[in-house]
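File shown here: protein_4.txt, holding compact mmCIF, C-alpha atoms.
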```txt
# COMPACT_ATOMS: atom_id res chain seq x y z
CA MET A 20 0.43 22.53 -7.28
CA THR A 21 1.84 19.35 -8.81
CA CYS A 22 4.66 18.81 -11.28
CA LEU A 23 5.35 15.66 -13.33
CA LEU A 24 9.04 14.77 -13.34
CA GLN A 25 9.01 11.47 -15.22
CA ALA A 26 6.68 8.94 -16.84
CA VAL A 27 7.84 5.32 -17.02
CA ASP A 28 6.35 2.57 -19.19
CA THR A 29 6.02 -0.48 -16.90
CA VAL A 30 5.24 -2.80 -19.88
CA HIS A 31 2.72 -4.89 -17.90
CA THR A 32 -0.26 -3.23 -16.22
CA ALA A 33 0.94 -1.55 -13.00
CA ASP A 34 -0.87 -1.86 -9.67
CA SER A 35 1.50 -1.03 -6.79
CA VAL A 36 4.33 1.36 -5.97
CA GLU A 37 6.28 1.31 -2.70
CA TRP A 38 9.20 3.52 -1.62
CA CYS A 39 11.75 1.77 0.61
CA PRO A 40 11.77 2.85 4.30
CA VAL A 41 15.28 1.49 5.09
CA GLU A 42 17.79 4.19 6.07
CA GLY A 43 20.23 4.77 3.24
CA PHE A 44 17.87 3.18 0.71
CA GLU A 45 14.97 5.68 0.78
CA THR A 46 15.64 6.44 -2.90
CA ILE A 47 14.66 2.87 -3.88
CA LEU A 48 11.21 2.41 -5.39
CA ALA A 49 9.43 -0.90 -6.09
CA CYS A 50 6.75 -1.21 -8.77
CA GLY A 51 4.60 -4.33 -9.12
CA THR A 52 2.74 -5.39 -12.25
CA TYR A 53 0.00 -7.86 -13.13
CA GLN A 54 -0.95 -8.98 -16.62
CA LEU A 55 -3.75 -11.32 -17.66
CA MET A 56 -2.58 -12.75 -20.98
CA ASP A 57 -4.88 -13.67 -23.87
CA THR A 58 -4.22 -17.33 -22.99
CA GLY A 59 -5.70 -16.77 -19.53
CA ILE A 60 -2.29 -17.06 -17.86
CA ARG A 61 -1.39 -14.41 -15.30
CA GLN A 62 2.13 -13.08 -15.15
CA GLY A 63 3.89 -10.05 -13.74
CA SER A 64 7.04 -8.50 -12.37
CA THR A 65 8.58 -6.43 -9.65
CA SER A 66 10.97 -3.71 -10.78
CA LEU A 67 13.21 -1.63 -8.54
CA PHE A 68 14.18 1.92 -9.40
CA ARG A 69 16.62 4.33 -7.83
CA TRP A 70 15.75 8.02 -7.53
CA MET A 71 18.54 10.09 -9.08
CA GLN A 72 18.10 13.27 -7.11
CA HIS A 73 20.31 15.55 -9.21
CA GLU A 74 18.59 14.45 -12.42
CA ASN A 75 15.01 14.33 -11.06
CA VAL A 76 14.42 10.88 -12.58
CA VAL A 77 14.36 7.23 -11.52
CA LYS A 78 16.66 4.62 -13.04
CA LYS A 79 15.71 0.94 -13.22
CA ILE A 80 18.23 -1.22 -11.34
CA PHE A 81 16.46 -4.58 -10.99
CA THR A 82 13.56 -6.56 -12.50
CA GLY A 83 12.21 -9.83 -11.20
CA GLU A 84 9.91 -11.60 -13.67
CA PHE A 85 7.32 -14.01 -12.27
CA SER A 86 5.01 -16.60 -13.75
CA ASP A 87 2.21 -15.05 -11.73
CA GLY A 88 0.92 -11.51 -11.35
CA ILE A 89 1.89 -9.26 -8.46
CA LEU A 90 -1.14 -7.59 -6.89
CA ASP A 91 0.44 -5.87 -3.90
CA SER A 92 3.90 -5.28 -2.45
CA LYS A 93 5.21 -4.00 0.86
CA TRP A 94 8.70 -3.41 2.27
CA ALA A 95 9.49 -4.89 5.67
CA PRO A 96 9.90 -2.43 8.57
CA ALA A 97 13.05 -0.35 8.27
CA SER A 98 15.14 -2.29 10.81
CA SER A 99 14.47 -5.63 9.09
CA GLY A 100 16.78 -5.05 6.12
CA LEU A 101 15.99 -5.01 2.41
CA LEU A 102 13.07 -7.44 2.39
CA LEU A 103 10.12 -7.01 0.04
CA ALA A 104 6.90 -9.04 0.34
CA LEU A 105 4.73 -9.61 -2.74
CA ALA A 106 1.13 -10.81 -3.04
CA SER A 107 0.84 -13.14 -6.02
CA SER A 108 -2.01 -14.29 -8.25
CA CYS A 109 -1.07 -17.93 -7.51
CA GLY A 110 -2.04 -17.51 -3.86
CA ASP A 111 1.53 -17.12 -2.65
CA VAL A 112 3.28 -14.56 -0.50
CA ILE A 113 6.70 -14.09 -2.07
CA PHE A 114 9.60 -12.78 0.01
CA LEU A 115 12.33 -11.10 -2.00
CA LYS A 116 15.52 -10.51 0.01
CA LEU A 117 17.81 -7.98 -1.62
CA LYS A 118 21.39 -6.87 -1.20
CA GLU A 119 23.54 -4.18 -2.76
CA SER A 120 26.09 -5.28 -5.36
CA SER A 121 29.61 -3.89 -5.62
CA GLU A 122 28.37 -1.72 -8.52
CA GLY A 123 25.68 -0.18 -6.30
CA ASP A 124 22.75 -2.03 -7.87
CA LEU A 125 20.38 -4.28 -5.94
CA ILE A 126 20.29 -8.03 -6.54
CA ALA A 127 18.04 -10.74 -5.17
CA SER A 128 19.97 -12.83 -2.65
CA LYS A 129 16.99 -15.03 -1.79
CA VAL A 130 13.47 -15.64 -3.08
CA GLU A 131 11.03 -17.60 -0.92
CA ARG A 132 7.42 -18.51 -1.67
CA ILE A 133 4.83 -19.40 0.96
CA HIS A 134 1.54 -20.73 -0.37
CA VAL A 135 -1.25 -19.38 1.82
CA THR A 136 -4.53 -19.90 -0.05
CA THR A 137 -6.48 -23.15 -0.14
CA ASP A 138 -7.06 -23.34 -3.90
CA ARG A 139 -3.99 -22.66 -6.01
CA THR A 140 -5.88 -22.40 -9.30
CA GLU A 141 -8.51 -19.91 -8.14
CA ALA A 142 -7.70 -17.83 -5.05
CA LEU A 143 -5.45 -14.81 -5.62
CA CYS A 144 -3.56 -13.00 -2.88
CA LEU A 145 -4.92 -9.47 -3.13
CA SER A 146 -3.10 -7.53 -0.40
CA LEU A 147 -0.57 -7.84 2.40
CA ASP A 148 0.87 -5.90 5.32
CA TRP A 149 3.73 -6.25 7.81
CA SER A 150 3.60 -6.21 11.59
CA LYS A 151 4.91 -3.04 13.21
CA ASP A 152 5.83 -4.29 16.69
CA LEU A 153 9.54 -5.06 16.26
CA SER A 154 9.83 -6.47 19.78
CA ASN A 155 8.01 -9.58 18.53
CA PRO A 156 8.67 -11.90 15.55
CA LEU A 157 7.78 -10.44 12.15
CA VAL A 158 4.33 -11.35 10.85
CA VAL A 159 2.68 -10.72 7.48
CA VAL A 160 -1.08 -10.70 6.93
CA SER A 161 -2.49 -11.39 3.48
CA SER A 162 -6.04 -11.32 2.10
CA ASP A 163 -7.35 -13.30 -0.85
CA SER A 164 -10.06 -13.39 -3.50
CA SER A 165 -12.04 -16.08 -1.64
CA GLY A 166 -12.57 -13.75 1.32
CA CYS A 167 -9.96 -15.30 3.61
CA LEU A 168 -7.16 -13.81 5.71
CA HIS A 169 -3.83 -15.50 6.39
CA LEU A 170 -1.10 -14.83 8.96
CA VAL A 171 2.48 -15.81 8.07
CA ASP A 172 5.37 -16.17 10.52
CA VAL A 173 8.24 -14.72 8.51
CA ALA A 174 11.04 -16.41 10.49
CA THR A 175 9.65 -19.93 10.08
CA GLY A 176 8.01 -19.39 6.69
CA THR A 177 4.76 -20.95 7.88
CA THR A 178 1.12 -19.92 7.77
CA THR A 179 0.07 -19.78 11.42
CA SER A 180 -3.60 -18.92 10.93
CA SER A 181 -6.20 -18.69 8.15
CA TRP A 182 -9.87 -17.83 8.44
CA LYS A 183 -12.91 -16.80 6.43
CA ALA A 184 -13.29 -13.06 6.93
CA HIS A 185 -15.63 -11.86 4.16
CA ASP A 186 -18.41 -13.26 2.00
CA PHE A 187 -16.72 -12.10 -1.20
CA GLU A 188 -13.24 -10.83 -2.09
CA ALA A 189 -11.18 -9.63 0.88
CA TRP A 190 -9.69 -6.69 -0.98
CA ILE A 191 -7.47 -5.39 1.79
CA SER A 192 -5.80 -6.41 5.05
CA ALA A 193 -3.74 -4.44 7.56
CA LEU A 194 -1.93 -5.17 10.82
CA ASP A 195 -2.25 -2.79 13.75
CA HIS A 196 0.68 -1.59 15.87
CA ASP A 197 -0.41 -4.40 18.18
CA SER A 198 0.18 -7.44 15.94
CA SER A 199 -2.72 -9.33 17.48
CA VAL A 200 -5.15 -6.85 15.88
CA VAL A 201 -5.98 -7.21 12.19
CA PHE A 202 -8.15 -5.00 10.00
CA SER A 203 -9.81 -6.22 6.81
CA GLY A 204 -12.12 -4.88 4.13
CA GLY A 205 -14.14 -6.79 1.58
CA ASP A 206 -16.50 -6.68 -1.34
CA ASP A 207 -19.31 -7.38 1.15
CA CYS A 208 -19.05 -3.69 2.18
CA ARG A 209 -17.73 -4.63 5.62
CA LEU A 210 -14.79 -3.23 7.54
CA HIS A 211 -13.75 -5.70 10.24
CA MET A 212 -11.36 -5.52 13.18
CA TRP A 213 -10.12 -8.93 14.37
CA ASP A 214 -8.30 -10.41 17.35
CA ALA A 215 -5.86 -12.76 15.63
CA ARG A 216 -5.87 -15.01 18.70
CA ASN A 217 -9.58 -15.74 18.29
CA THR A 218 -10.93 -15.36 14.77
CA LYS A 219 -14.32 -17.02 15.19
CA LYS A 220 -15.93 -13.61 14.88
CA PRO A 221 -14.61 -10.05 14.46
CA LEU A 222 -14.07 -7.74 17.41
CA LEU A 223 -16.23 -5.24 15.57
CA THR A 224 -17.77 -4.63 12.18
CA SER A 225 -18.50 -1.32 10.49
CA LYS A 226 -21.12 -1.00 7.75
CA ARG A 227 -20.35 2.68 7.20
CA HIS A 228 -19.09 2.13 3.65
CA GLU A 229 -21.89 1.58 1.13
CA MET A 230 -19.78 -0.42 -1.34
CA GLY A 231 -16.76 -2.71 -1.20
CA VAL A 232 -13.97 -1.71 1.20
CA CYS A 233 -10.73 -1.82 -0.81
CA SER A 234 -8.15 0.15 1.22
CA ILE A 235 -7.07 0.35 4.86
CA GLN A 236 -3.94 1.78 6.45
CA VAL A 237 -3.03 2.20 10.10
CA HIS A 238 -1.44 5.57 10.89
CA PRO A 239 2.36 5.22 11.22
CA THR A 240 2.69 7.37 14.36
CA LEU A 241 -0.81 8.00 15.77
CA LYS A 242 -1.50 4.46 16.91
CA HIS A 243 -5.25 4.87 17.36
CA ILE A 244 -5.94 6.31 13.87
CA VAL A 245 -6.94 4.19 10.84
CA ALA A 246 -7.91 5.25 7.31
CA SER A 247 -10.21 3.30 4.99
CA GLY A 248 -11.41 3.77 1.43
CA SER A 249 -14.10 2.18 -0.66
CA TYR A 250 -15.68 1.88 -4.07
CA ASP A 251 -18.30 4.25 -2.61
CA GLU A 252 -15.69 7.03 -3.25
CA VAL A 253 -15.44 7.99 0.44
CA LEU A 254 -12.28 8.25 2.54
CA CYS A 255 -13.05 7.51 6.20
CA LEU A 256 -10.76 8.29 9.15
CA TRP A 257 -11.35 6.27 12.30
CA ASP A 258 -10.36 6.27 15.94
CA LYS A 259 -10.07 2.55 16.65
CA ARG A 260 -11.01 3.16 20.29
CA GLN A 261 -14.49 4.18 19.18
CA MET A 262 -15.46 2.95 15.74
CA SER A 263 -19.19 3.47 15.82
CA LYS A 264 -18.64 6.20 13.23
CA PRO A 265 -15.64 7.81 11.50
CA ILE A 266 -14.13 10.91 13.05
CA LYS A 267 -13.78 12.42 9.55
CA ASP A 268 -14.99 11.46 6.09
CA LEU A 269 -14.56 12.99 2.67
CA ARG A 270 -15.99 12.09 -0.72
CA LEU A 271 -13.10 11.94 -3.17
CA GLY A 272 -14.69 10.36 -6.23
CA GLY A 273 -13.66 7.45 -8.38
CA GLY A 274 -13.32 4.70 -5.76
CA VAL A 275 -10.59 4.96 -3.10
CA TRP A 276 -8.36 2.00 -4.01
CA ARG A 277 -5.29 2.89 -1.89
CA VAL A 278 -4.60 5.16 1.09
CA LYS A 279 -1.11 6.15 2.29
CA TRP A 280 -0.33 8.26 5.34
CA HIS A 281 2.73 10.52 5.25
CA LYS A 282 5.32 9.33 7.79
CA SER A 283 6.11 12.73 9.34
CA HIS A 284 3.26 15.08 8.37
CA ALA A 285 0.62 13.36 10.47
CA ASP A 286 -2.41 14.97 8.81
CA TRP A 287 -1.52 14.20 5.21
CA VAL A 288 -2.94 11.18 3.41
CA ALA A 289 -2.45 10.34 -0.27
CA THR A 290 -5.10 8.34 -2.12
CA ALA A 291 -5.41 6.50 -5.43
CA CYS A 292 -8.96 7.15 -6.58
CA MET A 293 -9.30 4.82 -9.58
CA HIS A 294 -11.42 6.85 -12.05
CA ASN A 295 -10.59 10.21 -10.44
CA GLY A 296 -6.80 10.30 -10.31
CA PHE A 297 -4.81 10.87 -7.12
CA THR A 298 -5.41 13.24 -4.21
CA ILE A 299 -3.54 14.54 -1.19
CA THR A 300 -5.84 15.31 1.74
CA ASP A 301 -5.25 17.32 4.90
CA SER A 302 -7.15 15.24 7.43
CA ARG A 303 -7.03 17.94 10.16
CA LEU A 304 -7.14 15.22 12.77
CA ASN A 305 -6.85 17.56 15.75
CA ALA A 306 -9.07 20.30 14.34
CA GLY A 307 -12.80 20.68 14.38
CA ALA A 308 -12.79 21.60 10.71
CA PRO A 309 -13.56 18.95 8.09
CA ALA A 310 -10.84 17.25 6.07
CA GLU A 311 -10.00 18.95 2.79
CA VAL A 312 -8.21 18.07 -0.44
CA LEU A 313 -4.92 19.96 -0.74
CA CYS A 314 -4.23 18.97 -4.34
CA SER A 315 -5.10 16.47 -7.05
CA TYR A 316 -2.93 14.81 -9.67
CA LYS A 317 -4.66 13.66 -12.86
CA GLY A 318 -1.71 13.08 -15.16
CA HIS A 319 -2.56 9.40 -15.73
CA SER A 320 -4.94 8.26 -18.45
CA SER A 321 -6.12 5.01 -16.82
CA LEU A 322 -7.22 3.55 -13.48
CA ALA A 323 -5.34 5.09 -10.55
CA TYR A 324 -4.12 2.08 -8.56
CA GLY A 325 -0.83 2.67 -6.72
CA VAL A 326 0.48 5.64 -4.72
CA ASP A 327 3.25 6.22 -2.19
CA TRP A 328 5.28 8.99 -0.58
CA CYS A 329 9.06 8.95 -0.79
CA TRP A 330 10.52 8.43 2.70
CA LEU A 331 13.47 10.66 1.94
CA GLU A 332 13.46 13.93 3.86
CA HIS A 333 15.53 16.66 2.21
CA GLU A 334 15.99 20.17 3.51
CA ALA A 335 16.06 21.51 -0.04
CA TRP A 336 12.42 20.50 -0.36
CA ARG A 337 11.36 22.73 2.53
CA GLY A 338 10.50 26.39 2.10
CA HIS A 339 9.38 28.90 4.71
CA ASP A 340 5.74 28.27 3.82
CA HIS A 341 5.74 25.09 1.72
CA TYR A 342 6.99 21.53 1.49
CA ALA A 343 7.76 19.79 -1.81
CA ALA A 344 6.68 16.16 -1.44
CA LEU A 345 7.96 13.50 -3.84
CA LEU A 346 5.48 10.79 -4.84
CA ALA A 347 5.21 7.82 -7.15
CA THR A 348 1.92 6.72 -8.68
CA CYS A 349 0.91 4.06 -11.17
CA SER A 350 -2.07 3.35 -13.38
CA PHE A 351 -3.34 0.08 -14.71
CA TYR A 352 -4.35 -0.28 -18.35
CA ASP A 353 -1.87 2.27 -19.72
CA HIS A 354 0.95 0.44 -17.79
CA CYS A 355 2.45 3.68 -16.57
CA MET A 356 4.30 4.92 -13.46
CA HIS A 357 4.71 8.63 -12.75
CA ILE A 358 7.18 10.43 -10.50
CA TRP A 359 5.91 13.84 -9.42
CA THR A 360 6.08 16.49 -6.77
CA ALA A 361 3.39 18.32 -4.85
CA ASN A 362 3.98 21.71 -3.23
CA LEU A 363 2.09 21.55 0.05
CA PRO A 364 1.64 24.08 2.85
CA ALA A 365 4.34 23.65 5.51
```
Target format structure tokens, applied to this file:
Amino acid sequence: MTCLLQAVDTVHTADSVEWCPVEGFETILACGTYQLMDTGIRQGSTSLFRWMQHENVVKKIFTGEFSDGILDSKWAPASSGLLLALASSCGDVIFLKLKESSEGDLIASKVERIHVTTDRTEALCLSLDWSKDLSNPLVVVSSDSSGCLHLVDVATGTTTSSWKAHDFEAWISALDHDSSVVFSGGDDCRLHMWDARNTKKPLLTSKRHEMGVCSIQVHPTLKHIVASGSYDEVLCLWDKRQMSKPIKDLRLGGGVWRVKWHKSHADWVATACMHNGFTITDSRLNAGAPAEVLCSYKGHSSLAYGVDWCWLEHEAWRGHDHYAALLATCSFYDHCMHIWTANLPA
């Protein structure tokens, strides 16, 4: 069962939502937008909202307007402070460092752009992801519309490696728990796993998906598990130690544009399914039974693009047989963001 709490007009077309993982700031939500103007110019914004728990709504506390569209956004790992990375339509990775004002709002204390693509007028940054190994320097991977991947050293602000990964758009990129391992998916229907130290050819390639691979996420706690989604409408769950075939797959419909694992309920994965709304799936990773959809949310009237779980854990959301999860979703052409809850089996 799902329940809509709030609908927000994002003005520009919305494509990404990301709840903050930093302790004490789990109520902060980032929403990225991308707008292709009639003049052919791309522009967009990143807005930050704060979840007002007693009112069951979000309140906008910051908006950063950009002369380029934002196609993806990701918060840095929790111990790295309030740092948000943005993938821009100008081929830049934008780092937005935030701090809390005396009034309790968030303000941008630093904005840094790193140009990663080779053709500023054509190649768009389509996705990005942060490294997870905090014992080593922070790294961001980004993919672009020319099929290339780029690794950025966050401390030095330099691109350390770029390579051609896919024949067409590289829709998605993801860093493993081991930062030397990179996953990518492209419009060439390929899912690749790379060794970032030697990118002449991928470590392995899967052709399991029958259409473009547009979403990948490494499991936050089960380090050998990876999820992928595709325009072929199938969610695949992989054991990276043996990727000859997925350990589970499930046809969800609509094109699986984004996948998001829950941080503490290891079997739950939320998906944005483009023409078929949003789903929450019980992957049953340790069971012989197939994965199953626990619930669907179809409150949006346009392409389902962005989805994320709130990191906040609240005892009031737990019942003896259920858990009330808080999610944010966004849809493209109707420029809308929804805040809603899903009652899931505990």
Excluding Pro40 of chain A and residues on its chain fewer than 6 positions from it, collect all residues at most 9 Å away from it, counting only C-alpha atoms, and give them as a VMD selection string. chain A and resid 46 to 47 94 to 98 329 to 331
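Between Ala323 of chain A and the candidates A:Thr298, A:Thr360, A:Ser120, A:Thr29, the tightest atom-to-atom separation, counting only C-alpha atoms, involves A:Thr298.
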Expressed in Å, the length from atom CA of Thr348 of chain A to atom CA of Tyr324 of chain A is 7.6 Å
For Leu345 of chain A, which residue out of A:Ser199, A:Gln25, A:Ser162, A:Thr240 is the nearest one, using all atoms listed in the file?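 Checking each of A:Ser199, A:Gln25, A:Ser162, A:Thr240 against Leu345 of chain A, counting all atoms listed in the file, the winner is A:Gln25.
Closest approach to Thr175 of chain A among A:Ala215, A:Leu241, A:Val158, A:Leu304 is made by A:Val158 (distances from all atoms listed in the file).
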Distance query Leu105 of chain A at most 8 Å, all atoms listed in the file, self and fewer than 6 positions along chain excluded, as a ChimeraX atom specification: /A:89-93,112-115,147
Please tell me which residues are no farther than 7 Å from (-5.1, -11.0, 4.5) in the file, counting all atoms listed in the file, and write them as an MDAnalysis selection string. chainID A and resid 146:147 160:163 167:169 191:192
Shortest contact to Asp268 of chain A, candidates A:His196, A:Lys183, A:Arg303, A:Arg209, atoms counted all atoms listed in the file, goes to A:Arg303
With all atoms listed in the file as the atoms that count, which of A:Leu145, A:Cys50, A:Leu23, A:Ala306 lies nearest to Val36 of chain A? A:Cys50
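Minimum distance to Ser263 of chain A across A:Arg227, A:His243, A:His284, A:His31 (counting all atoms listed in the file) occurs at A:Arg227.
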Excluding Ile80 of chain A and its own-chain neighbours fewer than 3 positions away, which residues fall within 7 Å of it when counting only C-alpha atoms? Please give them as a PyMOL selection string. chain A and resi 67-69+124-125
One decimal, in Å: what's the spacing between atom CA of Leu24 of chain A and atom CA of Ser234 of chain A?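 Computing it gives 26.9 Å between the two atoms.
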Contact residues around Gly248 of chain A with all atoms listed in the file at 12 Å, ignoring same-chain residues under 3 positions, as a ChimeraX atom specification: /A:190-191,203-206,208-210,227-236,245,251-257,265,268-279,288-293
In Å, rounded to a single decimal, give me how far atom CA of Asp28 of chain A is from atom CA of Gly63 of chain A. 14.0 Å
List every protein, DNA or RNA residue that has an atom no more than 9 Å from (-6.8, 16.5, 8.5) in the file's coordinate frame, counting only C-alpha atoms, and report them as a list in words.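 Selection result: Lys267, Ala285, Asp286, Trp287, Val288, Thr300, Asp301, Ser302, Arg303, Leu304, Asn305, Ala306, Ala308, Pro309, Ala310 and Glu311 of chain A.
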Need to verify the contact set: Gln54 of chain A, 10 Å, all atoms listed in the file, exclusion of same-chain residues closer than 2 positions in sequence. Can you return it as JSON, numbers by chain? {"A": [30, 31, 32, 33, 34, 52, 56, 57, 59, 60, 61, 62, 63, 64, 87, 88, 89, 90, 108, 351, 352, 354]}
Rebuild segment 41-61 of chain A to N, CA and C atoms - output it as an mmCIF file, keeping the file's coordinate frame, please.
```cif
data_model
loop_
_atom_site.group_PDB
_atom_site.id
_atom_site.type_symbol
_atom_site.label_atom_id
_atom_site.label_comp_id
_atom_site.auth_asym_id
_atom_site.auth_seq_id
_atom_site.Cartn_x
_atom_site.Cartn_y
_atom_site.Cartn_z
ATOM 1 N N VAL A 41 14.014 1.808 4.432
ATOM 2 C CA VAL A 41 15.280 1.490 5.090
ATOM 3 C C VAL A 41 16.261 2.659 4.946
ATOM 4 N N GLU A 42 16.860 3.057 6.081
ATOM 5 C CA GLU A 42 17.790 4.190 6.070
ATOM 6 C C GLU A 42 18.937 3.919 5.097
ATOM 7 N N GLY A 43 19.199 4.910 4.257
ATOM 8 C CA GLY A 43 20.230 4.770 3.240
ATOM 9 C C GLY A 43 19.711 4.247 1.927
ATOM 10 N N PHE A 44 18.469 3.733 1.930
ATOM 11 C CA PHE A 44 17.870 3.180 0.710
ATOM 12 C C PHE A 44 16.509 3.830 0.409
ATOM 13 N N GLU A 45 16.268 5.013 0.968
ATOM 14 C CA GLU A 45 14.970 5.680 0.780
ATOM 15 C C GLU A 45 14.741 6.113 -0.671
ATOM 16 N N THR A 46 15.785 6.089 -1.488
ATOM 17 C CA THR A 46 15.640 6.440 -2.900
ATOM 18 C C THR A 46 15.225 5.246 -3.755
ATOM 19 N N ILE A 47 15.037 4.070 -3.146
ATOM 20 C CA ILE A 47 14.660 2.870 -3.880
ATOM 21 C C ILE A 47 13.138 2.759 -3.950
ATOM 22 N N LEU A 48 12.645 2.494 -5.137
ATOM 23 C CA LEU A 48 11.210 2.410 -5.390
ATOM 24 C C LEU A 48 10.891 1.070 -6.039
ATOM 25 N N ALA A 49 9.889 0.364 -5.509
ATOM 26 C CA ALA A 49 9.430 -0.900 -6.090
ATOM 27 C C ALA A 49 8.107 -0.684 -6.814
ATOM 28 N N CYS A 50 7.992 -1.282 -8.001
ATOM 29 C CA CYS A 50 6.750 -1.210 -8.770
ATOM 30 C C CYS A 50 6.331 -2.623 -9.164
ATOM 31 N N GLY A 51 5.112 -3.001 -8.801
ATOM 32 C CA GLY A 51 4.600 -4.330 -9.120
ATOM 33 C C GLY A 51 3.618 -4.279 -10.276
ATOM 34 N N THR A 52 3.636 -5.335 -11.094
ATOM 35 C CA THR A 52 2.740 -5.390 -12.250
ATOM 36 C C THR A 52 1.997 -6.721 -12.293
ATOM 37 N N TYR A 53 0.875 -6.692 -12.998
ATOM 38 C CA TYR A 53 0.000 -7.860 -13.130
ATOM 39 C C TYR A 53 -0.573 -7.830 -14.547
ATOM 40 N N GLN A 54 -0.448 -8.930 -15.248
ATOM 41 C CA GLN A 54 -0.950 -8.980 -16.620
ATOM 42 C C GLN A 54 -1.713 -10.280 -16.840
ATOM 43 N N LEU A 55 -2.970 -10.162 -17.255
ATOM 44 C CA LEU A 55 -3.750 -11.320 -17.660
ATOM 45 C C LEU A 55 -3.581 -11.485 -19.158
ATOM 46 N N MET A 56 -2.884 -12.544 -19.568
ATOM 47 C CA MET A 56 -2.580 -12.750 -20.980
ATOM 48 C C MET A 56 -3.807 -13.279 -21.723
ATOM 49 N N ASP A 57 -3.763 -13.183 -23.050
ATOM 50 C CA ASP A 57 -4.880 -13.670 -23.870
ATOM 51 C C ASP A 57 -5.125 -15.165 -23.658
ATOM 52 N N THR A 58 -4.098 -15.891 -23.253
ATOM 53 C CA THR A 58 -4.220 -17.330 -22.990
ATOM 54 C C THR A 58 -4.886 -17.629 -21.661
ATOM 55 N N GLY A 59 -5.135 -16.582 -20.858
ATOM 56 C CA GLY A 59 -5.700 -16.770 -19.530
ATOM 57 C C GLY A 59 -4.657 -16.914 -18.450
ATOM 58 N N ILE A 60 -3.385 -16.953 -18.827
ATOM 59 C CA ILE A 60 -2.290 -17.060 -17.860
ATOM 60 C C ILE A 60 -1.991 -15.683 -17.279
ATOM 61 N N ARG A 61 -1.768 -15.647 -15.972
ATOM 62 C CA ARG A 61 -1.390 -14.410 -15.300
ATOM 63 C C ARG A 61 0.123 -14.376 -15.122
#
```
